[in-house]
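Right, one structure below, let's go through it.
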Amino acid sequence: MGTNQPSDGREPSTEAQAGPAAPSRTDLLRQRATRLAERAGDAVEHRRKRWPPLDLAITYYERDREALASVLGSAVALRLYLFSIPALVMGVGLAILLVGQEQLDSMLTSVSISGSMAKDISSAASASDGTGFAFLVVGLWLTLWAGWSLTRVLAACAGRAWRLDPKTSTATMPAVAALTAMLLVLLGCTVLLNRLRERHGLAADTTSWLVTGVLISAGWFVVAWFLPRRTPDPGALLPGSAVLGVALTALQWFMQFYLPRELAQTSKLAGQLATSMVALGYLFLVGRLMAVSFVIDAVVFERVGSLSRVVFGLPLVRAIPRRYPVVARFFDLPGASSDVRPAGSSSRGT
């Protein structure tokens with residue numbers, strides 16, 4: 001009487017008398033890790049508000065993930081590969097028409113094309129007298145087609161970085177022309193600068209790399225000009241163009257000077273697999289840097305502002321936008337008309 005026992009007369013189990021089981025060591029470690037992560041997050045958010053560089057870095061990381069820059073960078077790398085093949089065919093055809101097949105081998109060497117690939121190109125070029133013209137026409141058509149596909153991916157990447165409507169983040173013919181021309185000009189400049197480095201000394205070598213960085217930055221600025229963005233201000237494109245110019249120049253130096261010696265030793269063991277891995281890795285890094293440049297432009301403009309607003313805030317220059325409203329609209333200065341379309345889009349509005 002008065003005791004809570006089962007109806008069959010058996011004693012309650014030990015587990016029932018002990019109550020809920022104590023948390024295991026794994027659960028305790030998980031809970032502790034969660035509390036530490038929450039404290040670290042709160043500390044970062046607190047310092048983020050007080051230290052602008054940290055806020056800029058975290059904002060970049062968040063926007064990079066939001067824009068799927070890594071995925072789109074891989075898509076850019078694939079289309080760069082598809083662009084490079086017909087561009088090479090077109091360049092070979094143009095070289096045959098301009099300098100003849102006799103000078104073709106030296107030109108291939110100047111653009112770091114050697115081995116079996118150079119032999120295949122030389123044998124295909126010597127097949128007939130009309131090979132140069134055929135290479136030029138077919139390569140030009142395929143280059144424009146690949147440039148259109150590449151521009152579409154870059155437009156989508158820029159639109160996501162600037163948080164634009166996907167319907168307005170479309171490729172335009174000026175953007176295709178600018179991108180194709182920029183890549184071809186950079187390829188031609190690479191040939192010329194390589195020849196200068198071969199014939200002259202250290203001074204020409206150093207100067208050529210500085211020129212390479214400037215050309216890449218300027219060319220990418222022109223390409224980004226025709227791609228979608230939230231503001232028409234050209235100053236918003238300077239950070240990404242500068243970062244891309246410096247990074248691609250450093251990558252180009254690594255690919256042309258340091259890597260060939262290491263690749264020559266590795267190729268003895270891995271053969272063509274090592275060369276293919278290097279080529280794919282190089283294209284991925286180039287595509288990733290292109291995607292990064294859009295995110296840098298968007299984040300710096302939103303968090304820091306544009307260089308144009310700093311320049312037109314100077315005492316002697318600030319009167320120009322007030323006197324000439326077209327300048328204020330062109331640089332998207334405060335007080336200008338807000339009825340501007342994202343660059344590279346086909347409709348008005350953002």
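Please note that chains go A, B, ... in the order of the structure tokens, that every chain numbers its residues from 1, and that ligands are numbered from 1 in the order shown.
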
(request) Return as number ranges by chain the full set of residues in range 16-53 of chain A whose backbone-based DSSP assignment is alpha helix (DSSP H). (result) A: 16-18, 25-50, 52-53

List the spatial neighbours of Val286 in chain A as a PDB file with C-alpha atoms, in the first residue's frame - criterion: any atom at most 10 Å away, only C-alpha atoms, same-chain residues fewer than 6 positions off excluded.
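The resulting file, selection_39.pdb, is reproduced below:
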```pdb
ATOM      1  CA  GLY A  73      34.891  30.990 -61.399  1.00  0.00           C
ATOM      2  CA  SER A  74      35.070  27.331 -62.410  1.00  0.00           C
ATOM      3  CA  VAL A  76      34.702  30.927 -66.337  1.00  0.00           C
ATOM      4  CA  ALA A  77      37.770  28.654 -66.363  1.00  0.00           C
ATOM      5  CA  LEU A  80      38.517  30.322 -70.993  1.00  0.00           C
ATOM      6  CA  LEU A 244      43.281  41.486 -61.040  1.00  0.00           C
ATOM      7  CA  ALA A 247      47.431  38.997 -59.308  1.00  0.00           C
ATOM      8  CA  LEU A 248      47.451  37.922 -62.958  1.00  0.00           C
ATOM      9  CA  LEU A 251      50.579  34.374 -61.811  1.00  0.00           C
ATOM     10  CA  GLN A 252      51.981  34.920 -65.300  1.00  0.00           C
ATOM     11  CA  LEU A 280      43.671  23.415 -65.774  1.00  0.00           C
ATOM     12  CA  VAL A 292      36.879  37.855 -57.155  1.00  0.00           C
TER      13      VAL A 292
END
```

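Summary of the local environment: counting only C-alpha atoms, residues at most 6 Å from Leu237 in chain A, other than itself and those fewer than 3 positions away along its chain, are Pro234, Gly240 and Asp297 of chain A.
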
Would you mind exporting the chosen residues as a short mmCIF file (atom, residue, chain, number, x, y, z; two decimals), in the first residue's frame, restricted to N, CA and C atoms?
```
data_model
loop_
_atom_site.label_atom_id
_atom_site.label_comp_id
_atom_site.auth_asym_id
_atom_site.auth_seq_id
_atom_site.Cartn_x
_atom_site.Cartn_y
_atom_site.Cartn_z
N PRO A 234 32.49 54.88 -63.02
CA PRO A 234 33.65 54.07 -63.42
C PRO A 234 34.66 53.88 -62.30
N GLY A 240 38.83 46.31 -58.24
CA GLY A 240 38.90 44.98 -58.82
C GLY A 240 39.88 44.90 -59.98
N ASP A 297 34.87 44.87 -56.23
CA ASP A 297 34.27 46.13 -56.67
C ASP A 297 32.98 46.43 -55.90
#
```

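The list of residues with at least one atom within 6 Å of range 156-168 of chain A, based on only C-alpha atoms and without residues fewer than 3 positions apart in the same chain, reads Ala67, Val153, Pro228, Arg229, Phe294, Val295, Ala298 and Ser345 of chain A.
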
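Between CA of Gly139 in chain A and CA of Val89 in chain A lies a distance of 5.3 Å.
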
(request) Quick one: everything within 10 Å of Pro174 in chain A, counting only C-alpha atoms, minus sequence neighbours fewer than 4 positions away in the same chain. Send it as a list of chain:residue names. (result)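 My list of contacting residues is A:Ala178, A:Leu179, A:Thr180, A:Val223, A:Trp225, A:Phe226, A:Leu227, A:Gly344.
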
(request) Would you mind reading off the distance between CA of Glu38 in chain A and CA of Leu68 in chain A, one decimal, in Å? (result) 25.5 Å

(request) Using only C-alpha atoms, determine which residues lie at most 10 Å from Leu183 in chain A, disregarding the query and same-chain residues fewer than 4 positions distant; provide the list as a ChimeraX atom specification. (result) /A:80,83-84,87,147,178-179,187-189,216,219-220,223

(request) Considering only C-alpha atoms, state which residue in the set A:Asp233, A:Asp55, A:Asp64, A:Glu45 is at the smallest distance from Phe330 in chain A. (result) A:Asp233

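For the pair CA of Leu196 in chain A and CA of Val243 in chain A, the interatomic distance is 25.2 Å.
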